[in-house]
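Engineer: Shown below is the structure under consideration.
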Amino acid sequence: MVAKMLERPTLVLNRNWQPVNVATVARSLVLLWNEAARVVDPDDYRLYSWADWTALKLRDDEPWIQAIRQRLRVPEVIVLAGYDRVPRAAVSFSRRNIFKRDHWTCQYCGVQPGGDELSIDHGLPRSQGGTSTWENFVLACVACNKRKADRTPRQAGLKLRKEPVRPTWKPLYARHEARIESWSKFGARCTGTWGLRREG
Ligand SMILES: [Zn+2]
């Protein structure tokens, strides 16, 4: 139970209160202990240092951690003392992220045969001036890839299920399965309550 609480996610805000990361409760408590961060109470936005936080009485219905001598409230949001940058919003261009964008699905016929049976296809073939970009790369299954060969989708009689675009999601949030409801107050996308619903 303690281990599970320590692995719960905490939203990390930079000095300007912009969400920059998601850390485990364990990591957040270390940052708090080191005075590198303070806890934000999402109800009234009060800030708590380690001393303030550990002096708090527990509310009846809230999660807690059994420390050696006391029970600690579990922080949901912390704000960093010295960091004011914002991570790059752009998703890095990589093989893995193309698979992710296309949901491991052939963009021509819609099959999901598993990663080994999918390859990255140039929509407009390189021989016809196609570039290696988000907008020209799509996942294709072996059969569609073979059928398409060195032609455009139209020449091969294939139709793309959707226009390939640069994804807008941030890998920061995509990495984590769950959100805590109070995070939405800080501009972090909230798709469910921790432990109740998981993001697909
Ligand atoms: Zn296919």
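Chain lettering (A, B, ...) mirrors the order of the structure tokens, residue numbering begins at 1 for each chain separately, and ligand numbering begins at 1 in order of display.
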Please identify the residues whose atoms come within 9 Å of ligand 1, using only C-alpha atoms and all ligand atoms, and report them as a list in words.
Structural biologist: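 Here is the list of contacting residues: Thr105, Cys106, Gln107, Tyr108, Cys109, Gly110, Val111, Gln112, Leu118, Leu139, Ala140, Cys141, Val142, Ala143, Cys144 and Asn145 of chain A.
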Engineer: Write to file, as a PDB file, in the first residue's frame, the residues of the selection just made, with N, CA and C atoms.
Structural biologist:
ATOM      1  N   THR A 105      -1.287   0.818 -36.349  1.00  0.00           N
ATOM      2  CA  THR A 105      -2.340   0.435 -37.283  1.00  0.00           C
ATOM      3  C   THR A 105      -1.902   0.761 -38.712  1.00  0.00           C
ATOM      4  N   CYS A 106      -2.115  -0.180 -39.622  1.00  0.00           N
ATOM      5  CA  CYS A 106      -1.846   0.092 -41.033  1.00  0.00           C
ATOM      6  C   CYS A 106      -2.763   1.220 -41.484  1.00  0.00           C
ATOM      7  N   GLN A 107      -2.188   2.267 -42.031  1.00  0.00           N
ATOM      8  CA  GLN A 107      -2.976   3.445 -42.385  1.00  0.00           C
ATOM      9  C   GLN A 107      -3.713   3.280 -43.719  1.00  0.00           C
ATOM     10  N   TYR A 108      -3.511   2.135 -44.359  1.00  0.00           N
ATOM     11  CA  TYR A 108      -4.250   1.875 -45.604  1.00  0.00           C
ATOM     12  C   TYR A 108      -5.432   0.949 -45.356  1.00  0.00           C
ATOM     13  N   CYS A 109      -5.205  -0.182 -44.671  1.00  0.00           N
ATOM     14  CA  CYS A 109      -6.295  -1.154 -44.524  1.00  0.00           C
ATOM     15  C   CYS A 109      -6.806  -1.284 -43.094  1.00  0.00           C
ATOM     16  N   GLY A 110      -6.080  -0.690 -42.129  1.00  0.00           N
ATOM     17  CA  GLY A 110      -6.594  -0.682 -40.759  1.00  0.00           C
ATOM     18  C   GLY A 110      -6.252  -1.890 -39.909  1.00  0.00           C
ATOM     19  N   VAL A 111      -5.444  -2.826 -40.418  1.00  0.00           N
ATOM     20  CA  VAL A 111      -5.097  -3.981 -39.582  1.00  0.00           C
ATOM     21  C   VAL A 111      -4.090  -3.557 -38.503  1.00  0.00           C
ATOM     22  N   GLN A 112      -4.079  -4.343 -37.431  1.00  0.00           N
ATOM     23  CA  GLN A 112      -3.103  -4.119 -36.358  1.00  0.00           C
ATOM     24  C   GLN A 112      -2.341  -5.418 -36.124  1.00  0.00           C
ATOM     25  N   LEU A 118       4.616  -4.313 -39.263  1.00  0.00           N
ATOM     26  CA  LEU A 118       4.332  -2.977 -39.794  1.00  0.00           C
ATOM     27  C   LEU A 118       5.637  -2.296 -40.181  1.00  0.00           C
ATOM     28  N   LEU A 139       2.299   4.319 -41.278  1.00  0.00           N
ATOM     29  CA  LEU A 139       2.517   2.891 -41.049  1.00  0.00           C
ATOM     30  C   LEU A 139       1.758   2.083 -42.094  1.00  0.00           C
ATOM     31  N   ALA A 140       2.400   1.033 -42.577  1.00  0.00           N
ATOM     32  CA  ALA A 140       1.744   0.147 -43.546  1.00  0.00           C
ATOM     33  C   ALA A 140       2.040  -1.301 -43.178  1.00  0.00           C
ATOM     34  N   CYS A 141       1.049  -2.167 -43.376  1.00  0.00           N
ATOM     35  CA  CYS A 141       1.261  -3.595 -43.127  1.00  0.00           C
ATOM     36  C   CYS A 141       2.034  -4.179 -44.319  1.00  0.00           C
ATOM     37  N   VAL A 142       2.478  -5.406 -44.174  1.00  0.00           N
ATOM     38  CA  VAL A 142       3.292  -6.033 -45.219  1.00  0.00           C
ATOM     39  C   VAL A 142       2.537  -6.078 -46.547  1.00  0.00           C
ATOM     40  N   ALA A 143       1.260  -6.486 -46.479  1.00  0.00           N
ATOM     41  CA  ALA A 143       0.465  -6.625 -47.709  1.00  0.00           C
ATOM     42  C   ALA A 143       0.294  -5.280 -48.424  1.00  0.00           C
ATOM     43  N   CYS A 144      -0.056  -4.251 -47.665  1.00  0.00           N
ATOM     44  CA  CYS A 144      -0.273  -2.938 -48.288  1.00  0.00           C
ATOM     45  C   CYS A 144       1.039  -2.360 -48.810  1.00  0.00           C
ATOM     46  N   ASN A 145       2.101  -2.589 -48.054  1.00  0.00           N
ATOM     47  CA  ASN A 145       3.406  -2.099 -48.460  1.00  0.00           C
ATOM     48  C   ASN A 145       3.812  -2.717 -49.799  1.00  0.00           C
TER      49      ASN A 145
END
Engineer: Do a neighbour search on range 20-24 of chain A at 6 Å with only C-alpha atoms, toss out local chain neighbours closer than 2 positions, and write the hits as a ChimeraX atom specification.
Structural biologist: /A:7-13,26-27,86
Engineer: Rounded to one decimal in Å, what is the spacing between CA of Pro167 in chain A and CA of Pro113 in chain A?
Structural biologist: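 Here the two named atoms are 22.4 Å from each other.
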Engineer: Given the choices A:Arg69, A:Arg59, A:Arg85, A:His122, which gets closest to Ile98 in chain A if the distance is worked out from only C-alpha atoms?
Structural biologist: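 For Ile98 in chain A, the nearest of the candidates is A:His122.
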Engineer: Write out as a ChimeraX atom specification the residues lying within 9 Å of Ser182 in chain A, counting only C-alpha atoms and excluding same-chain residues fewer than 6 positions away.
Structural biologist: /A:42-43,76-77,190
Engineer: Could you pull out the helix (DSSP H, G or I) residues of chain A, going by DSSP on the backbone, and write them as a PyMOL selection string?
Structural biologist: chain A and resi 2-6+25-33+50-55+95-101+115-117+126-128+142-148+171-174+181-186
Engineer: Excluding Leu29 in chain A and its own-chain neighbours fewer than 2 positions away, which residues fall within 10 Å of it when counting only C-alpha atoms? Please give them as a list in words.
Structural biologist: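 Counting only C-alpha atoms, the residues come to Leu6, Thr10, Ala23, Thr24, Val25, Ala26, Arg27, Leu31, Leu32, Trp33, Asn34, Glu35, Ala36, Ala37, Arg38, Val39, Trp50, Trp53, Leu72, Val74, Pro75 and Ile78 of chain A.
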